[in-house]
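> For reference, this is structure11.txt, and it has compact mmCIF, C-alpha atoms.
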# COMPACT_ATOMS: atom_id res chain seq x y z
CA MET A 1 -15.68 -5.81 -12.40
CA THR A 2 -13.79 -5.95 -9.11
CA PRO A 3 -10.05 -5.42 -9.74
CA PRO A 4 -7.70 -8.15 -8.47
CA HIS A 5 -6.43 -7.62 -4.92
CA TRP A 6 -2.78 -8.40 -5.58
CA ILE A 7 -0.45 -9.16 -2.68
CA ASP A 8 2.93 -8.03 -3.93
CA LEU A 9 5.81 -9.86 -2.25
CA ASP A 10 9.39 -10.53 -3.28
CA GLY A 11 8.97 -14.30 -3.47
CA VAL A 12 5.77 -14.69 -5.54
CA VAL A 13 4.24 -12.95 -8.54
CA ASN A 14 0.69 -14.34 -8.67
CA MET A 15 -0.69 -14.02 -5.15
CA ARG A 16 -4.01 -12.32 -4.60
CA ASP A 17 -6.83 -12.17 -2.07
CA VAL A 18 -10.20 -12.99 -3.63
CA GLY A 19 -11.94 -10.84 -1.03
CA GLY A 20 -14.18 -8.09 -2.36
CA LEU A 21 -15.79 -10.13 -5.11
CA PRO A 22 -19.56 -9.58 -5.11
CA THR A 23 -22.12 -12.34 -4.61
CA THR A 24 -25.33 -12.60 -6.56
CA ASP A 25 -27.44 -11.66 -3.51
CA GLY A 26 -25.63 -8.41 -2.76
CA ASP A 27 -23.05 -9.68 -0.28
CA THR A 28 -19.27 -9.82 -0.84
CA ILE A 29 -16.44 -12.29 -0.32
CA ALA A 30 -14.56 -11.38 2.85
CA THR A 31 -10.93 -10.32 2.66
CA GLY A 32 -8.37 -12.25 4.65
CA ARG A 33 -10.12 -15.60 4.15
CA LEU A 34 -8.96 -17.06 0.82
CA LEU A 35 -5.75 -16.28 -1.07
CA ARG A 36 -4.51 -17.90 -4.27
CA SER A 37 -0.88 -18.06 -5.32
CA ASP A 38 1.90 -19.48 -7.40
CA ASN A 39 4.76 -21.56 -5.93
CA LEU A 40 5.77 -20.41 -2.41
CA GLN A 41 9.36 -21.66 -2.52
CA ASP A 42 10.96 -18.23 -2.82
CA LEU A 43 9.19 -16.44 0.04
CA THR A 44 11.58 -14.25 2.01
CA GLU A 45 11.57 -13.74 5.74
CA ALA A 46 9.84 -10.40 5.24
CA ASP A 47 7.26 -12.04 2.96
CA MET A 48 6.42 -14.65 5.56
CA ARG A 49 6.13 -12.12 8.36
CA HIS A 50 3.79 -10.00 6.21
CA LEU A 51 1.57 -12.98 5.42
CA VAL A 52 1.34 -14.12 9.03
CA ASP A 53 1.31 -10.79 10.89
CA VAL A 54 -0.50 -8.51 8.43
CA VAL A 55 -2.63 -10.77 6.22
CA GLY A 56 -3.41 -13.22 9.02
CA LEU A 57 -2.36 -16.41 7.24
CA THR A 58 -2.91 -19.58 9.26
CA ASP A 59 -3.18 -22.34 6.64
CA VAL A 60 -1.53 -23.39 3.37
CA VAL A 61 -3.19 -25.76 0.88
CA ASP A 62 -0.43 -27.19 -1.31
CA LEU A 63 -1.78 -28.75 -4.52
CA ARG A 64 1.65 -29.70 -5.86
CA SER A 65 2.37 -33.30 -6.79
CA ASN A 66 4.69 -35.67 -4.97
CA VAL A 67 7.21 -35.14 -7.76
CA GLU A 68 7.18 -31.37 -7.38
CA VAL A 69 7.59 -31.52 -3.62
CA HIS A 70 10.35 -34.09 -3.91
CA ILE A 71 12.33 -31.88 -6.29
CA GLU A 72 11.49 -28.50 -4.82
CA GLY A 73 11.37 -29.47 -1.17
CA PRO A 74 9.07 -28.07 1.50
CA ALA A 75 8.17 -24.40 1.34
CA PRO A 76 9.70 -21.92 3.82
CA LEU A 77 6.40 -21.41 5.67
CA GLN A 78 6.28 -25.13 6.38
CA VAL A 79 9.94 -25.33 7.40
CA ARG A 80 9.48 -22.43 9.80
CA GLY A 81 6.24 -23.82 11.20
CA LEU A 82 4.50 -20.50 10.59
CA ALA A 83 1.28 -21.97 9.16
CA ASN A 84 -0.61 -25.24 9.10
CA HIS A 85 0.37 -27.08 5.93
CA HIS A 86 -2.02 -29.36 4.02
CA ARG A 87 -0.96 -31.45 0.98
CA HIS A 88 -3.72 -32.28 -1.51
CA SER A 89 -2.30 -33.34 -4.87
CA LEU A 90 -4.76 -33.32 -7.79
CA LEU A 91 -2.91 -35.91 -9.91
CA ARG A 92 -4.66 -39.25 -10.33
CA ASP A 93 -1.55 -41.42 -9.85
CA ASP A 94 -0.03 -39.30 -7.09
CA ASP A 95 -1.48 -41.05 -4.04
CA HIS A 96 1.75 -42.79 -3.14
CA ASP A 97 5.26 -41.80 -2.12
CA ILE A 98 7.68 -41.67 -5.02
CA SER A 99 11.18 -42.94 -5.42
CA ALA A 100 14.17 -40.78 -6.28
CA GLU A 101 14.09 -42.20 -9.82
CA GLU A 102 10.45 -41.17 -10.32
CA ALA A 103 11.28 -37.67 -9.13
CA LEU A 104 13.83 -37.04 -11.87
CA VAL A 105 11.13 -35.55 -14.12
CA VAL A 106 7.93 -33.66 -13.39
CA PRO A 107 4.61 -35.31 -14.32
CA TRP A 108 4.05 -33.12 -17.38
CA SER A 109 7.56 -33.49 -18.79
CA LYS A 110 7.86 -35.36 -22.10
CA LYS A 111 10.07 -37.89 -20.30
CA SER A 112 7.55 -38.56 -17.58
CA ARG A 113 5.75 -41.87 -17.33
CA HIS A 114 2.64 -39.93 -16.28
CA ALA A 115 2.77 -37.71 -19.38
CA GLN A 116 3.16 -40.72 -21.67
CA GLN A 117 -0.02 -42.34 -20.41
CA PRO A 118 -3.15 -41.49 -22.41
CA GLN A 119 -5.38 -39.07 -20.50
CA PRO A 120 -9.16 -39.39 -20.81
CA ARG A 121 -10.69 -36.55 -22.84
CA ARG A 122 -13.54 -35.10 -20.81
CA ASP A 123 -14.28 -31.95 -22.81
CA ASP A 124 -13.50 -30.39 -26.18
CA ASP A 125 -11.72 -27.52 -24.41
CA HIS A 126 -8.15 -28.71 -23.71
CA TRP A 127 -7.77 -27.09 -20.30
CA ALA A 128 -11.36 -27.72 -19.24
CA SER A 129 -10.69 -31.40 -19.88
CA HIS A 130 -7.72 -31.23 -17.51
CA TYR A 131 -9.71 -29.43 -14.83
CA LEU A 132 -12.57 -31.90 -15.04
CA GLY A 133 -9.93 -34.59 -14.67
CA TYR A 134 -8.94 -33.13 -11.30
CA LEU A 135 -12.53 -33.44 -10.14
CA ALA A 136 -12.93 -36.95 -11.52
CA ASP A 137 -9.58 -38.37 -10.45
CA ARG A 138 -8.95 -36.69 -7.09
CA PRO A 139 -12.24 -35.60 -5.54
CA ASP A 140 -10.70 -36.51 -2.19
CA SER A 141 -8.08 -33.80 -2.62
CA VAL A 142 -10.57 -31.21 -3.83
CA LEU A 143 -12.81 -31.90 -0.83
CA GLY A 144 -9.82 -31.85 1.50
CA ALA A 145 -8.63 -28.52 0.17
CA LEU A 146 -12.04 -26.90 0.50
CA GLU A 147 -12.49 -28.30 4.00
CA VAL A 148 -9.30 -26.50 5.04
CA VAL A 149 -10.69 -23.24 3.67
CA ALA A 150 -13.99 -23.79 5.50
CA ARG A 151 -12.38 -24.55 8.87
CA ALA A 152 -9.33 -22.27 8.94
CA GLU A 153 -9.05 -19.79 11.78
CA GLY A 154 -7.40 -17.17 9.57
CA ALA A 155 -6.54 -16.77 5.92
CA THR A 156 -5.84 -19.83 3.75
CA VAL A 157 -3.57 -19.65 0.71
CA VAL A 158 -4.24 -22.24 -2.00
CA HIS A 159 -1.32 -22.73 -4.37
CA CYS A 160 0.23 -25.02 -6.97
CA ALA A 161 3.04 -24.07 -9.37
CA ALA A 162 1.67 -21.18 -11.43
CA GLY A 163 -1.46 -20.59 -9.38
CA LYS A 164 -3.61 -20.97 -12.50
CA ASP A 165 -4.88 -24.49 -13.27
CA ARG A 166 -5.09 -26.57 -10.11
CA THR A 167 -5.47 -23.51 -7.93
CA GLY A 168 -8.00 -22.05 -10.35
CA THR A 169 -10.14 -25.18 -10.17
CA VAL A 170 -10.27 -25.29 -6.38
CA VAL A 171 -10.75 -21.54 -5.94
CA GLY A 172 -13.38 -21.47 -8.69
CA LEU A 173 -15.43 -24.08 -6.85
CA ALA A 174 -15.08 -22.22 -3.55
CA LEU A 175 -16.22 -18.91 -5.05
CA SER A 176 -19.12 -20.54 -6.84
CA VAL A 177 -20.32 -22.19 -3.63
CA ALA A 178 -20.08 -18.84 -1.87
CA GLY A 179 -22.45 -17.30 -4.41
CA VAL A 180 -20.12 -15.43 -6.75
CA ALA A 181 -21.59 -15.05 -10.24
CA ASP A 182 -20.04 -17.11 -13.00
CA GLU A 183 -18.71 -14.06 -14.83
CA ASP A 184 -16.86 -12.91 -11.71
CA VAL A 185 -15.42 -16.37 -11.08
CA VAL A 186 -14.18 -16.31 -14.68
CA ALA A 187 -12.73 -12.81 -14.22
CA ASP A 188 -10.80 -13.93 -11.14
CA TYR A 189 -9.43 -16.92 -13.05
CA VAL A 190 -8.22 -14.91 -16.05
CA ALA A 191 -6.59 -12.26 -13.82
CA THR A 192 -3.53 -14.52 -13.75
CA GLY A 193 -3.05 -13.56 -17.39
CA GLU A 194 -1.99 -10.09 -16.26
CA ARG A 195 1.17 -11.63 -14.83
CA ILE A 196 1.57 -14.84 -16.80
CA GLU A 197 4.89 -13.80 -18.38
CA ARG A 198 6.38 -13.21 -14.93
CA VAL A 199 4.88 -16.44 -13.63
CA VAL A 200 6.45 -18.52 -16.40
CA GLU A 201 9.78 -16.69 -16.15
CA ARG A 202 9.91 -17.43 -12.45
CA LEU A 203 9.04 -21.11 -12.89
CA ARG A 204 11.67 -21.56 -15.60
CA ALA A 205 14.28 -20.80 -12.95
CA ARG A 206 12.92 -23.44 -10.56
CA PRO A 207 14.38 -26.98 -10.70
CA ALA A 208 11.06 -28.78 -11.12
CA TYR A 209 9.76 -26.75 -14.04
CA GLY A 210 12.54 -25.40 -16.24
CA GLU A 211 12.87 -28.34 -18.64
CA ALA A 212 9.11 -28.80 -19.01
CA LEU A 213 8.60 -25.14 -19.89
CA GLU A 214 11.49 -24.60 -22.28
CA ASP A 215 9.64 -25.39 -25.51
CA GLN A 216 6.18 -24.15 -24.61
CA PRO A 217 4.87 -20.90 -26.18
CA MET A 218 3.53 -18.25 -23.83
CA GLU A 219 0.03 -18.50 -25.26
CA HIS A 220 -0.10 -22.09 -24.03
CA HIS A 221 -0.09 -20.77 -20.47
CA ARG A 222 -2.42 -17.81 -20.81
CA PRO A 223 -5.77 -18.44 -19.08
CA ARG A 224 -8.77 -18.24 -21.38
CA PRO A 225 -12.18 -17.18 -20.05
CA GLU A 226 -14.02 -19.88 -21.97
CA THR A 227 -12.15 -22.57 -20.00
CA MET A 228 -13.47 -21.58 -16.57
CA ALA A 229 -16.85 -20.72 -18.07
CA ARG A 230 -17.02 -24.26 -19.43
CA ILE A 231 -16.17 -25.79 -16.05
CA LEU A 232 -18.97 -23.84 -14.38
CA THR A 233 -21.39 -24.84 -17.13
CA VAL A 234 -20.51 -28.52 -16.75
CA LEU A 235 -20.95 -28.30 -12.98
CA ALA A 236 -24.36 -26.69 -13.44
CA GLU A 237 -25.56 -29.11 -16.11
CA ARG A 238 -24.31 -32.33 -14.54
CA HIS A 239 -24.38 -31.62 -10.81
CA GLY A 240 -26.62 -28.65 -10.17
CA GLY A 241 -23.61 -26.41 -9.56
CA ALA A 242 -20.46 -26.53 -7.47
CA ALA A 243 -22.40 -27.14 -4.25
CA GLY A 244 -24.23 -30.03 -5.89
CA TRP A 245 -20.91 -31.58 -6.93
CA LEU A 246 -19.64 -31.37 -3.35
CA GLN A 247 -22.78 -33.03 -2.05
CA GLN A 248 -22.54 -35.79 -4.63
CA GLN A 249 -19.02 -36.48 -3.34
CA GLY A 250 -20.34 -36.87 0.21
CA TRP A 251 -20.50 -33.40 1.73
CA SER A 252 -23.49 -32.59 3.90
CA ASP A 253 -25.63 -29.48 3.63
CA GLU A 254 -23.93 -28.26 6.80
CA GLN A 255 -20.45 -28.60 5.29
CA VAL A 256 -21.46 -26.68 2.18
CA GLU A 257 -23.00 -23.94 4.30
CA GLN A 258 -19.90 -23.76 6.50
CA LEU A 259 -17.74 -23.07 3.42
CA ARG A 260 -20.23 -20.54 2.13
CA LYS A 261 -20.40 -18.63 5.42
CA ARG A 262 -16.66 -18.75 5.93
CA LEU A 263 -16.01 -16.95 2.68
CA ARG A 264 -18.68 -14.28 2.93
CA ALA A 265 -18.26 -10.95 4.71
Please re-express this file's structure in structure tokens.


Amino acid sequence: MTPPHWIDLDGVVNMRDVGGLPTTDGDTIATGRLLRSDNLQDLTEADMRHLVDVVGLTDVVDLRSNVEVHIEGPAPLQVRGLANHHRHSLLRDDDHDISAEEALVVPWSKKSRHAQQPQPRRDDDHWASHYLGYLADRPDSVLGALEVVARAEGATVVHCAAGKDRTGTVVGLALSVAGVADEDVVADYVATGERIERVVERLRARPAYGEALEDQPMEHHRPRPETMARILTVLAERHGGAAGWLQQQGWSDEQVEQLRKRLRA
């Protein structure tokens, strides 16, 4: 198994480059093309300079909701204009601007109107059901995020809050399209578990997440391999794989191939 390529910075704890992962035909995923990360709000000046000047970052895909952005504000990279910034929320009712009143709680808080609405159950696995919900409810955002990755001039970082669920879904699709074997996609997903305690500790100190996390046990956040394995199985059984899902949402063969080539060395 290829060890995670962690990018250790002062302002994040769960950033890594997926480069180096093998493909099923003997190729590898290129480094400096696709990064995945937790919340970028705490990046320091030195962090940003390293990402831009050393890693070659040109684009940021921000999967956070309107509520999160409203509470947390824009990330330093966006404020400084150091990278192209692309918002693609994966929440089904997040396609409109929110009021200050709506922003008082995050979508998954017990007080949130979003959390109180019944969510369709799409799989017996709790987290797989959520991830399939992203694909069902916001395919526009998933396609938009992957199009950024396919077209970026340099490295793209995809992030949400923890860099596990929403980020894991988008990155998992990208790696699968590029030809990474299911077991290696799963291994990349569960690598977040190596740092999950630090991820949760960091988020508890952020204004958008502290209240929502206060009563949740750590095991609730730990990524389980069967969750990502189930997503890949569903994609294969219902859509002929990740590439088939993209094509069913309107992507052409050329767009799928562009993403595939962009990620491969």

> I'd like the contact shell of Asp137 in chain A - 10 Å cut-off, all atoms listed in the file, skipping same-chain residues fewer than 5 positions apart - returned as an MDAnalysis selection string.

chainID A and resid 90:93 131:132 142

> Calculate how many Å separate CA of Leu51 in chain A from CA of Tyr209 in chain A, rounding to one decimal.

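Going from CA of Leu51 in chain A over to CA of Tyr209 in chain A covers 25.2 Å.
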
> Would you please work out which residue, of A:Ile71, A:Leu146, A:Ala162, A:Ala265, is nearest to Leu246 in chain A when using all atoms listed in the file?

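When distances to Leu246 in chain A are compared using all atoms listed in the file, the smallest one comes from A:Leu146.
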
> With a distance cut-off of 10 Å and all atoms listed in the file, select the neighbouring residues of Arg202 in chain A, excluding the residue or stretch itself and same-chain residues fewer than 2 positions from it, and output the selection as a list of chain:residue names.

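My reading of the contact set: A:Gly11, A:Val12, A:Val13, A:Asp38, A:Asn39, A:Asp42, A:Ala162, A:Ile196, A:Glu197, A:Arg198, A:Val199, A:Val200, A:Arg204, A:Ala205, A:Arg206, A:Tyr209, A:Gly210.
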
> I'd like the contact shell of Met15 in chain A - 8 Å cut-off, only C-alpha atoms, skipping same-chain residues fewer than 2 positions apart - returned as a VMD selection string.

chain A and resid 6 to 8 12 to 13 17 35 to 38 163

> Tell me, in Å to one decimal, how far CA of Gly133 in chain A is from CA of Arg222 in chain A.

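Value for the CA of Gly133 in chain A-CA of Arg222 in chain A distance: 19.4 Å.
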
> Can you measure CA of Val190 in chain A to CA of Thr167 in chain A for me? One decimal in Å is fine.

12.1 Å

> For His220 in chain A, which of A:Gly179, A:Gly73, A:Pro22, A:Gly193 is the closest residue, counting all atoms listed in the file?

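Of the candidates, the smallest distance to His220 in chain A is held by A:Gly193.
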
> Which polymer residues have any atom within 8 Å of an atom of Glu72 in chain A, counting all atoms listed in the file, with same-chain residues fewer than 5 positions away left out, as a PDB file with C-alpha atoms, in the coordinates of the input?


ATOM      1  CA  GLN A  41       9.360 -21.660  -2.520  1.00  0.00           C
ATOM      2  CA  ARG A 206      12.920 -23.440 -10.560  1.00  0.00           C
ATOM      3  CA  PRO A 207      14.380 -26.980 -10.700  1.00  0.00           C
ATOM      4  CA  ALA A 208      11.060 -28.780 -11.120  1.00  0.00           C
TER       5      ALA A 208
END

> For Tyr189 in chain A, which residue out of A:Glu211, A:Glu226, A:Glu237, A:Glu219 is the nearest one, using only C-alpha atoms?

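Counting only C-alpha atoms, the residue closest to Tyr189 in chain A is A:Glu226.
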
> Ranking A:Leu63, A:Leu259, A:Leu9, A:Ala83 by minimum distance to Asp165 in chain A and counting only C-alpha atoms, which one comes first?

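Residue with the minimum atom-to-atom distance to Asp165 in chain A: A:Leu63.
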
> Identify, on the basis of all atoms listed in the file, every residue whose closest approach to Gly81 in chain A does not exceed 12 Å; exclude the query and any residue fewer than 3 positions from it along the same chain; express the result as a PyMOL selection string.

chain A and resi 48+52+58-60+74-78+84-85

> Using only C-alpha atoms, which of the listed residues (A:Ser65, A:Val180, A:Asp47, A:Ser252) sits closest to Leu82 in chain A?

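Selected residue with least distance to Leu82 in chain A: A:Asp47.
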
> Using only C-alpha atoms, find the one residue out of A:Met1, A:Leu21, A:Ala128, A:Leu43 that sits nearest to Arg80 in chain A.

A:Leu43
